[in-house]
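structure-v3.cif (mmCIF, C-alpha atoms and all ligand atoms) appears below.
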```cif
data_target
loop_
_atom_site.label_atom_id
_atom_site.label_comp_id
_atom_site.auth_asym_id
_atom_site.auth_seq_id
_atom_site.Cartn_x
_atom_site.Cartn_y
_atom_site.Cartn_z
CA MET A 682 -31.12 47.78 49.01
CA ASN A 683 -32.16 51.41 48.96
CA VAL A 684 -31.68 52.44 52.59
CA LEU A 685 -33.39 55.52 54.03
CA VAL A 686 -31.38 56.89 56.96
CA VAL A 687 -33.75 58.97 59.10
CA GLY A 688 -32.01 61.65 61.16
CA ALA A 689 -29.12 61.49 58.70
CA ASN A 690 -27.30 64.55 60.00
CA GLY A 691 -27.02 63.00 63.46
CA GLN A 692 -23.75 61.74 64.88
CA VAL A 693 -24.58 58.02 64.75
CA ALA A 694 -26.30 58.41 61.39
CA LYS A 695 -23.24 60.04 59.83
CA GLU A 696 -21.11 57.11 60.99
CA ALA A 697 -23.72 54.78 59.46
CA ILE A 698 -23.57 56.65 56.14
CA LYS A 699 -19.78 56.18 56.10
CA GLU A 700 -20.29 52.44 56.78
CA LEU A 701 -22.94 52.14 54.06
CA LYS A 702 -20.47 53.52 51.51
CA ASP A 703 -18.54 50.24 51.72
CA THR A 704 -21.61 48.10 51.03
CA ASP A 705 -23.79 47.38 47.99
CA HIS A 706 -26.61 49.41 49.51
CA LYS A 707 -27.68 52.79 48.16
CA THR A 708 -28.03 55.47 50.85
CA PHE A 709 -30.91 57.95 50.97
CA ALA A 710 -30.13 60.53 53.66
CA MET A 711 -33.27 62.08 55.16
CA ILE A 712 -32.63 65.56 56.57
CA ARG A 713 -34.76 68.57 57.41
CA ASN A 714 -32.25 71.26 56.47
CA ASN A 715 -31.02 71.56 52.90
CA GLU A 716 -27.77 73.18 54.06
CA GLN A 717 -26.70 69.75 55.35
CA ALA A 718 -27.08 68.12 51.92
CA GLN A 719 -23.63 68.79 50.48
CA SER A 720 -21.68 67.49 53.48
CA LEU A 721 -23.79 64.32 53.58
CA LYS A 722 -23.14 63.69 49.88
CA GLU A 723 -19.42 64.18 50.53
CA LEU A 724 -19.71 61.66 53.36
CA GLY A 725 -21.16 59.06 51.00
CA ALA A 726 -24.92 59.54 50.72
CA ASP A 727 -26.15 58.66 47.22
CA GLU A 728 -29.31 60.76 47.53
CA VAL A 729 -30.57 63.37 49.95
CA VAL A 730 -34.26 63.59 50.83
CA LEU A 731 -35.69 66.67 52.53
CA ALA A 732 -38.32 65.74 55.10
CA ASP A 733 -39.17 66.99 58.59
CA LEU A 734 -40.52 64.46 61.09
CA GLU A 735 -42.92 67.12 62.35
CA LYS A 736 -44.48 67.42 58.88
CA ASP A 737 -45.56 65.15 56.01
CA ILE A 738 -42.80 62.60 55.30
CA SER A 739 -44.57 60.31 52.81
CA HIS A 740 -42.50 61.48 49.81
CA ALA A 741 -39.31 60.13 51.45
CA PHE A 742 -40.34 56.47 51.09
CA LYS A 743 -40.50 56.07 47.32
CA HIS A 744 -38.26 53.19 46.11
CA ILE A 745 -37.02 52.53 49.68
CA ASP A 746 -36.30 48.91 50.74
CA ALA A 747 -34.98 49.50 54.26
CA VAL A 748 -35.03 52.17 56.97
CA ILE A 749 -32.45 52.96 59.62
CA PHE A 750 -34.15 55.19 62.19
CA ALA A 751 -31.44 57.23 63.95
CA ALA A 752 -33.30 60.49 64.63
CA GLY A 753 -33.91 61.93 68.06
CA SER A 754 -34.88 65.21 69.65
CA GLY A 755 -31.63 65.38 71.64
CA GLY A 756 -31.00 66.26 75.27
CA HIS A 757 -31.31 70.02 74.83
CA THR A 758 -34.98 70.14 73.86
CA GLY A 759 -38.00 69.70 76.08
CA ALA A 760 -40.29 66.74 76.70
CA ASP A 761 -42.65 68.05 74.01
CA LYS A 762 -40.00 67.38 71.34
CA THR A 763 -39.33 63.96 72.84
CA ILE A 764 -42.99 63.13 72.22
CA LEU A 765 -42.98 64.68 68.74
CA ILE A 766 -39.74 63.12 67.43
CA ASP A 767 -38.72 60.08 69.49
CA LEU A 768 -42.29 58.78 69.81
CA TRP A 769 -44.62 60.29 67.22
CA GLY A 770 -41.90 60.80 64.59
CA ALA A 771 -40.80 57.19 64.95
CA ILE A 772 -44.40 55.95 64.72
CA LYS A 773 -44.92 58.05 61.57
CA VAL A 774 -41.81 56.52 59.97
CA ILE A 775 -42.93 52.98 60.90
CA ASP A 776 -46.41 53.60 59.48
CA GLN A 777 -45.00 55.06 56.25
CA ALA A 778 -42.69 52.06 55.95
CA ILE A 779 -45.71 49.76 56.23
CA GLU A 780 -47.69 51.80 53.72
CA HIS A 781 -44.82 51.81 51.20
CA LYS A 782 -44.13 48.08 51.70
CA VAL A 783 -40.61 48.66 52.98
CA ASN A 784 -39.28 45.26 53.93
CA ARG A 785 -36.66 46.05 56.53
CA PHE A 786 -36.55 48.39 59.56
CA VAL A 787 -33.58 48.91 61.88
CA MET A 788 -34.42 51.01 64.93
CA LEU A 789 -31.81 52.83 67.00
CA SER A 790 -33.43 52.61 70.43
CA SER A 791 -31.86 52.89 73.88
CA MET A 792 -30.71 50.76 76.77
CA GLY A 793 -33.06 51.25 79.74
CA THR A 794 -36.14 50.98 77.55
CA VAL A 795 -37.12 47.64 79.10
CA GLU A 796 -37.87 49.31 82.45
CA PRO A 797 -38.21 53.10 82.03
CA GLU A 798 -39.31 53.55 85.64
CA GLN A 799 -35.84 52.47 86.84
CA SER A 800 -34.28 55.61 85.30
CA ASP A 801 -33.53 58.69 87.43
CA LYS A 802 -33.84 61.51 84.92
CA ILE A 803 -34.99 60.34 81.51
CA LYS A 804 -38.08 58.26 82.25
CA HIS A 805 -40.20 60.17 79.72
CA TYR A 806 -37.61 59.64 76.98
CA LEU A 807 -37.38 55.91 77.72
CA VAL A 808 -41.18 55.61 77.74
CA ALA A 809 -41.27 57.33 74.33
CA LYS A 810 -38.61 54.95 72.95
CA LYS A 811 -40.38 51.91 74.45
CA LEU A 812 -43.74 52.84 72.92
CA ALA A 813 -42.11 53.39 69.51
CA ASP A 814 -40.32 50.03 69.80
CA ASP A 815 -43.60 48.33 70.80
CA HIS A 816 -45.34 49.86 67.76
CA LEU A 817 -42.57 48.49 65.53
CA LYS A 818 -42.80 45.02 67.13
CA ARG A 819 -46.56 44.92 66.46
CA SER A 820 -46.03 45.85 62.79
CA GLU A 821 -45.53 43.37 59.95
CA LEU A 822 -42.08 44.82 59.25
CA ASN A 823 -38.88 42.81 59.41
CA TYR A 824 -37.43 44.77 62.30
CA THR A 825 -34.27 44.81 64.40
CA ILE A 826 -34.24 46.98 67.53
CA VAL A 827 -30.75 47.98 68.69
CA ARG A 828 -30.52 49.40 72.24
CA PRO A 829 -27.10 50.92 73.02
CA GLY A 830 -25.93 52.28 76.37
CA SER A 831 -24.45 55.78 76.73
CA LEU A 832 -22.80 56.89 73.50
CA THR A 833 -19.26 58.23 73.15
CA ASN A 834 -17.32 59.76 70.27
CA GLU A 835 -14.24 57.60 70.76
CA GLU A 836 -12.85 55.62 67.85
CA SER A 837 -14.49 52.35 66.91
CA LEU A 838 -13.23 49.34 68.86
CA GLY A 839 -14.96 46.91 66.51
CA LYS A 840 -15.87 44.83 69.57
CA ILE A 841 -19.10 44.79 71.55
CA LYS A 842 -21.03 43.07 74.29
CA LEU A 843 -24.48 42.03 73.01
CA GLU A 844 -27.29 40.55 75.09
CA GLN A 845 -31.07 40.84 75.13
CA VAL A 846 -30.76 42.70 78.43
CA ILE A 847 -27.30 43.49 79.79
CA GLN A 848 -27.13 43.31 83.59
CA ASN A 849 -23.70 44.91 84.15
CA ARG A 850 -24.00 48.35 82.56
CA ASP A 851 -20.69 49.87 83.67
CA THR A 852 -19.37 50.70 80.20
CA THR A 853 -20.41 52.89 77.30
CA ILE A 854 -20.35 52.31 73.53
CA THR A 855 -18.87 54.32 70.68
CA ARG A 856 -21.21 55.87 68.14
CA ALA A 857 -19.00 54.38 65.42
CA ASP A 858 -19.60 50.85 66.72
CA VAL A 859 -23.34 51.45 67.08
CA ALA A 860 -23.35 52.54 63.43
CA LYS A 861 -21.47 49.39 62.41
CA VAL A 862 -24.11 47.28 64.18
CA LEU A 863 -27.01 49.16 62.56
CA VAL A 864 -25.55 48.66 59.07
CA ALA A 865 -24.39 45.07 59.62
CA THR A 866 -27.87 43.96 60.75
CA LEU A 867 -29.51 45.19 57.53
CA ASP A 868 -29.12 41.89 55.68
CA LYS A 869 -28.50 39.52 58.59
CA GLU A 870 -31.65 37.42 58.70
CA ASN A 871 -30.87 36.04 62.16
CA THR A 872 -31.34 39.58 63.54
CA PHE A 873 -34.86 39.90 62.09
CA GLN A 874 -37.56 40.31 64.80
CA GLN A 875 -34.82 40.65 67.44
CA THR A 876 -34.27 43.28 70.14
CA PHE A 877 -30.94 43.55 71.96
CA GLU A 878 -28.72 45.82 74.03
CA ILE A 879 -25.09 46.67 73.17
CA LEU A 880 -22.05 48.12 74.94
CA ASN A 881 -18.32 48.18 74.25
CA GLY A 882 -17.11 44.63 74.79
CA ASP A 883 -14.75 41.84 73.77
CA THR A 884 -16.56 40.18 70.87
CA ASP A 885 -16.10 41.14 67.23
CA ILE A 886 -19.27 42.81 65.97
CA GLU A 887 -19.79 40.25 63.20
CA GLU A 888 -19.40 37.34 65.61
CA ALA A 889 -21.69 38.92 68.23
CA LEU A 890 -24.41 39.41 65.61
CA ASN A 891 -23.98 35.90 64.22
CA ARG A 892 -24.51 34.45 67.72
CA ILE A 893 -28.02 35.93 68.03
P1 LIG B 1 -28.00 63.42 67.27
O1 LIG B 1 -26.63 63.71 66.80
O2 LIG B 1 -28.71 64.42 68.13
O3 LIG B 1 -28.90 63.12 65.96
C1 LIG B 1 -30.27 63.17 65.97
C2 LIG B 1 -30.72 63.62 64.58
O4 LIG B 1 -32.17 63.65 64.56
C3 LIG B 1 -30.24 65.04 64.21
O5 LIG B 1 -29.48 65.00 63.03
C4 LIG B 1 -31.52 65.82 63.99
O6 LIG B 1 -31.51 66.69 62.88
C5 LIG B 1 -32.53 64.71 63.71
N1 LIG B 1 -33.87 65.25 63.94
C6 LIG B 1 -34.34 65.84 65.05
N2 LIG B 1 -35.56 66.34 64.82
C7 LIG B 1 -35.87 66.04 63.52
C8 LIG B 1 -36.98 66.29 62.70
N3 LIG B 1 -38.05 66.99 63.14
N4 LIG B 1 -36.98 65.84 61.43
C9 LIG B 1 -35.90 65.16 60.93
N5 LIG B 1 -34.79 64.90 61.67
C10 LIG B 1 -34.79 65.34 62.96
O7 LIG B 1 -28.06 62.05 68.07
P2 LIG B 1 -26.97 60.85 68.13
O8 LIG B 1 -25.93 61.20 69.12
O9 LIG B 1 -26.61 60.48 66.74
O10 LIG B 1 -27.87 59.71 68.77
C11 LIG B 1 -28.92 59.15 68.00
C12 LIG B 1 -29.98 58.59 68.93
O11 LIG B 1 -29.43 57.54 69.73
C13 LIG B 1 -30.51 59.57 69.98
O12 LIG B 1 -31.50 60.43 69.43
C14 LIG B 1 -31.10 58.63 71.02
O13 LIG B 1 -32.44 58.33 70.72
C15 LIG B 1 -30.27 57.36 70.86
N6 LIG B 1 -29.44 57.06 72.03
C16 LIG B 1 -28.61 58.01 72.54
C17 LIG B 1 -27.80 57.73 73.66
C18 LIG B 1 -26.82 58.74 74.19
O14 LIG B 1 -26.02 58.39 75.09
N7 LIG B 1 -26.81 59.94 73.70
C19 LIG B 1 -27.85 56.46 74.24
C20 LIG B 1 -28.71 55.49 73.68
C21 LIG B 1 -29.49 55.80 72.57
P3 LIG B 1 -30.71 68.10 62.87
O15 LIG B 1 -29.28 67.75 62.57
O16 LIG B 1 -31.39 68.84 61.76
O17 LIG B 1 -30.91 68.72 64.22
#
```
Go ahead and render the structure in this file as structure tokens.
Amino acid sequence: MNVLVVGANGQVAKEAIKELKDTDHKTFAMIRNNEQAQSLKELGADEVVLADLEKDISHAFKHIDAVIFAAGSGGHTGADKTILIDLWGAIKVIDQAIEHKVNRFVMLSSMGTVEPEQSDKIKHYLVAKKLADDHLKRSELNYTIVRPGSLTNEESLGKIKLEQVIQNRDTTITRADVAKVLVATLDKENTFQQTFEILNGDTDIEEALNRI
């Protein structure tokens, strides 16, 4: 499939692009800054598409079969950017995917999205993620919504804990393993129309996904 990675210069997205290199998929890296193009090509992106989530993005969806949404406004911007990127940007990508008849949509969401009001500091972010996820669930797209806990830059363990809602949230998860999950779900039909949380755990990623 032709896979559009949205937020391609992000830390999880770059791990996903490395993973995609070892598959039959063709990677289209969507970035907003042309200076990032060369390094993403060196990482394994087949094509680079310039598009800013705060502007028109329709040109990015030509010949695309699947989307991995891994963009986010980040912790250093204000709530306005959370609304514009994590909520409105995600909704724009979902709507463009529908319009361009993209078959498959893998959303990088967040743990805590089930009950945003339980969070101490990032309620607004979790509400934004939840509303974007809800928009995706209401669409006709073949979606998978992946909700990791706190992300770390440690090396991949290759093993995760995967449940619809994880009760014991003591651990974190590596960005590398989140990326492996995002890429592995692309053509796993048993993950279609599914939403789940992930943390570092004891089960091989492949096995955990097959059990869904
Ligand atoms: P990251 O490194 O901050 O990557 C986010 C990417 O989004 C950046 O490359 C950024 O582009 C891109 N982006 C922002 N605004 C954009 C715009 N207007 N148009 C196009 N692209 C835009 O984040 P990460 O660490 O990979 O994490 C990915 C996501 O995981 C987070 O955004 C969050 O929603 C989710 N998550 C995070 C945690 C956590 O513990 N941090 C936990 C659960 C879920 P530039 O490179 O150009 O700035």
Contacts of ligand LIG 1 (chain B), 8 Å or closer, only C-alpha atoms and all ligand atoms, given as a ChimeraX atom specification: /A:687-695,711-714,717,732-736,751-756,762,765-767,770,789-792,810,828-833,856
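CA of Glu696 in chain A sits 10.1 Å away from CA of Ser837 in chain A.
If all atoms listed in the file are the atoms counted, then among A:Ser800, A:Asn849, A:Ser720, A:Thr866 the closest residue to Thr825 in chain A is A:Thr866.
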Atom pair CA of Asp858 in chain A / CA of Glu723 in chain A: separation (Å): 21.0 Å
Contact residues around Val730 in chain A with only C-alpha atoms at 9 Å, ignoring same-chain residues under 4 positions, as a PyMOL selection string: chain A and resi 685+709-713+715+718+740-741
Could those residues be written to a file, using C-alpha atoms, as a compact mmCIF listing (two decimals), in the coordinates of the input?
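That gives us again_4.txt:
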```txt
# COMPACT_ATOMS: atom_id res chain seq x y z
CA LEU A 685 -33.39 55.52 54.03
CA PHE A 709 -30.91 57.95 50.97
CA ALA A 710 -30.13 60.53 53.66
CA MET A 711 -33.27 62.08 55.16
CA ILE A 712 -32.63 65.56 56.57
CA ARG A 713 -34.76 68.57 57.41
CA ASN A 715 -31.02 71.56 52.90
CA ALA A 718 -27.08 68.12 51.92
CA HIS A 740 -42.50 61.48 49.81
CA ALA A 741 -39.31 60.13 51.45
```
8 Å contact set for Gln845 in chain A, all atoms listed in the file, chain neighbours under 5 positions out, as a ChimeraX atom specification: /A:876-878
Given the point (-34.9, 52.8, 58.7) in the file's coordinates, find the residues that have an atom at most 10 Å from it, counting only C-alpha atoms, and give them as a PDB file with C-alpha atoms, in the frame of the given file.
```pdb
ATOM      1  CA  VAL A 684     -31.680  52.440  52.590  1.00  0.00           C
ATOM      2  CA  LEU A 685     -33.390  55.520  54.030  1.00  0.00           C
ATOM      3  CA  VAL A 686     -31.380  56.890  56.960  1.00  0.00           C
ATOM      4  CA  VAL A 687     -33.750  58.970  59.100  1.00  0.00           C
ATOM      5  CA  GLY A 688     -32.010  61.650  61.160  1.00  0.00           C
ATOM      6  CA  ILE A 745     -37.020  52.530  49.680  1.00  0.00           C
ATOM      7  CA  ASP A 746     -36.300  48.910  50.740  1.00  0.00           C
ATOM      8  CA  ALA A 747     -34.980  49.500  54.260  1.00  0.00           C
ATOM      9  CA  VAL A 748     -35.030  52.170  56.970  1.00  0.00           C
ATOM     10  CA  ILE A 749     -32.450  52.960  59.620  1.00  0.00           C
ATOM     11  CA  PHE A 750     -34.150  55.190  62.190  1.00  0.00           C
ATOM     12  CA  ALA A 751     -31.440  57.230  63.950  1.00  0.00           C
ATOM     13  CA  ALA A 752     -33.300  60.490  64.630  1.00  0.00           C
ATOM     14  CA  ALA A 771     -40.800  57.190  64.950  1.00  0.00           C
ATOM     15  CA  VAL A 774     -41.810  56.520  59.970  1.00  0.00           C
ATOM     16  CA  ILE A 775     -42.930  52.980  60.900  1.00  0.00           C
ATOM     17  CA  ALA A 778     -42.690  52.060  55.950  1.00  0.00           C
ATOM     18  CA  VAL A 783     -40.610  48.660  52.980  1.00  0.00           C
ATOM     19  CA  ASN A 784     -39.280  45.260  53.930  1.00  0.00           C
ATOM     20  CA  ARG A 785     -36.660  46.050  56.530  1.00  0.00           C
ATOM     21  CA  PHE A 786     -36.550  48.390  59.560  1.00  0.00           C
ATOM     22  CA  VAL A 787     -33.580  48.910  61.880  1.00  0.00           C
ATOM     23  CA  MET A 788     -34.420  51.010  64.930  1.00  0.00           C
ATOM     24  CA  LEU A 789     -31.810  52.830  67.000  1.00  0.00           C
ATOM     25  CA  TYR A 824     -37.430  44.770  62.300  1.00  0.00           C
ATOM     26  CA  THR A 825     -34.270  44.810  64.400  1.00  0.00           C
ATOM     27  CA  LEU A 863     -27.010  49.160  62.560  1.00  0.00           C
ATOM     28  CA  LEU A 867     -29.510  45.190  57.530  1.00  0.00           C
TER      29      LEU A 867
END
```
Residues within 8 Å of (-37.7, 42.1, 81.1), file coords, all atoms listed in the file, listed as a VMD selection string: chain A and resid 795 to 796 846
Given 3 Å of margin on each side, can you work out the centre and size in Å (one decimal) of an axis-aligned box holding every listed atom of range 850-868 of chain A, as JSON?
```
{"center_x": -24.2, "center_y": 48.9, "center_z": 69.7, "size_x": 16.6, "size_y": 20.0, "size_z": 34.0}
```
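What separates CA of Lys840 in chain A from CA of Val864 in chain A is a distance of 14.8 Å.
Between Thr794 in chain A and the residues A:Glu780, A:Leu812, A:Lys707, A:Ile854, the shortest atom-to-atom distance, using all atoms listed in the file, involves A:Leu812.
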Shell of 9 Å around Glu798 in chain A, all atoms listed in the file, local chain residues under 4 positions omitted, as a PyMOL selection string: chain A and resi 793+804-805+807-808
As a CSV table (one decimal), keeping the file's coordinate frame, please: range 792-827 of chain A completed to N, CA and C atoms.
```csv
chain,number,residue,atom,x,y,z
A,792,MET,N,-30.8,51.6,75.6
A,792,MET,CA,-30.7,50.8,76.8
A,792,MET,C,-31.6,51.4,77.8
A,793,GLY,N,-32.2,50.7,78.7
A,793,GLY,CA,-33.1,51.2,79.7
A,793,GLY,C,-34.5,51.3,79.3
A,794,THR,N,-34.8,50.9,78.1
A,794,THR,CA,-36.1,51.0,77.6
A,794,THR,C,-37.0,49.8,78.1
A,795,VAL,N,-36.4,48.8,78.6
A,795,VAL,CA,-37.1,47.6,79.1
A,795,VAL,C,-37.9,48.1,80.4
A,796,GLU,N,-37.2,48.9,81.2
A,796,GLU,CA,-37.9,49.3,82.4
A,796,GLU,C,-37.7,50.8,82.7
A,797,PRO,N,-38.4,51.6,81.9
A,797,PRO,CA,-38.2,53.1,82.0
A,797,PRO,C,-38.3,53.6,83.4
A,798,GLU,N,-39.1,53.0,84.3
A,798,GLU,CA,-39.3,53.6,85.6
A,798,GLU,C,-38.1,53.4,86.5
A,799,GLN,N,-37.1,52.6,86.1
A,799,GLN,CA,-35.8,52.5,86.8
A,799,GLN,C,-34.9,53.7,86.6
A,800,SER,N,-35.2,54.5,85.6
A,800,SER,CA,-34.3,55.6,85.3
A,800,SER,C,-34.5,56.8,86.3
A,801,ASP,N,-33.4,57.5,86.5
A,801,ASP,CA,-33.5,58.7,87.4
A,801,ASP,C,-34.1,59.9,86.7
A,802,LYS,N,-33.5,60.2,85.5
A,802,LYS,CA,-33.8,61.5,84.9
A,802,LYS,C,-34.6,61.4,83.6
A,803,ILE,N,-34.5,60.3,82.9
A,803,ILE,CA,-35.0,60.3,81.5
A,803,ILE,C,-36.1,59.3,81.3
A,804,LYS,N,-36.9,59.2,82.3
A,804,LYS,CA,-38.1,58.3,82.2
A,804,LYS,C,-39.0,58.5,81.0
A,805,HIS,N,-39.3,59.8,80.8
A,805,HIS,CA,-40.2,60.2,79.7
A,805,HIS,C,-39.6,59.8,78.4
A,806,TYR,N,-38.3,60.0,78.2
A,806,TYR,CA,-37.6,59.6,77.0
A,806,TYR,C,-37.7,58.1,76.8
A,807,LEU,N,-37.4,57.4,77.8
A,807,LEU,CA,-37.4,55.9,77.7
A,807,LEU,C,-38.8,55.4,77.4
A,808,VAL,N,-39.8,56.0,78.0
A,808,VAL,CA,-41.2,55.6,77.7
A,808,VAL,C,-41.5,55.8,76.3
A,809,ALA,N,-41.0,57.0,75.7
A,809,ALA,CA,-41.3,57.3,74.3
A,809,ALA,C,-40.6,56.3,73.4
A,810,LYS,N,-39.3,55.9,73.8
A,810,LYS,CA,-38.6,55.0,73.0
A,810,LYS,C,-39.3,53.6,73.0
A,811,LYS,N,-39.7,53.2,74.3
A,811,LYS,CA,-40.4,51.9,74.4
A,811,LYS,C,-41.7,51.8,73.6
A,812,LEU,N,-42.5,52.9,73.7
A,812,LEU,CA,-43.7,52.8,72.9
A,812,LEU,C,-43.5,52.8,71.4
A,813,ALA,N,-42.5,53.5,70.9
A,813,ALA,CA,-42.1,53.4,69.5
A,813,ALA,C,-41.6,52.0,69.2
A,814,ASP,N,-40.8,51.4,70.0
A,814,ASP,CA,-40.3,50.0,69.8
A,814,ASP,C,-41.5,49.1,69.8
A,815,ASP,N,-42.4,49.2,70.7
A,815,ASP,CA,-43.6,48.3,70.8
A,815,ASP,C,-44.4,48.4,69.5
A,816,HIS,N,-44.6,49.7,69.0
A,816,HIS,CA,-45.3,49.9,67.8
A,816,HIS,C,-44.7,49.1,66.6
A,817,LEU,N,-43.3,49.2,66.6
A,817,LEU,CA,-42.6,48.5,65.5
A,817,LEU,C,-42.7,47.0,65.7
A,818,LYS,N,-42.7,46.5,66.9
A,818,LYS,CA,-42.8,45.0,67.1
A,818,LYS,C,-44.2,44.5,66.7
A,819,ARG,N,-45.2,45.3,66.9
A,819,ARG,CA,-46.6,44.9,66.5
A,819,ARG,C,-46.8,45.0,65.0
A,820,SER,N,-45.9,45.7,64.2
A,820,SER,CA,-46.0,45.8,62.8
A,820,SER,C,-45.7,44.6,62.1
A,821,GLU,N,-45.9,44.6,60.7
A,821,GLU,CA,-45.5,43.4,60.0
A,821,GLU,C,-44.1,43.5,59.4
A,822,LEU,N,-43.4,44.6,59.8
A,822,LEU,CA,-42.1,44.8,59.2
A,822,LEU,C,-41.0,43.8,59.8
A,823,ASN,N,-40.0,43.6,59.0
A,823,ASN,CA,-38.9,42.8,59.4
A,823,ASN,C,-38.0,43.8,60.2
A,824,TYR,N,-38.1,43.8,61.5
A,824,TYR,CA,-37.4,44.8,62.3
A,824,TYR,C,-36.2,44.2,63.0
A,825,THR,N,-35.3,45.1,63.4
A,825,THR,CA,-34.3,44.8,64.4
A,825,THR,C,-34.2,46.0,65.3
A,826,ILE,N,-34.3,45.8,66.6
A,826,ILE,CA,-34.2,47.0,67.5
A,826,ILE,C,-32.9,46.9,68.3
A,827,VAL,N,-32.1,47.9,68.1
A,827,VAL,CA,-30.8,48.0,68.7
A,827,VAL,C,-30.8,49.0,69.8
```
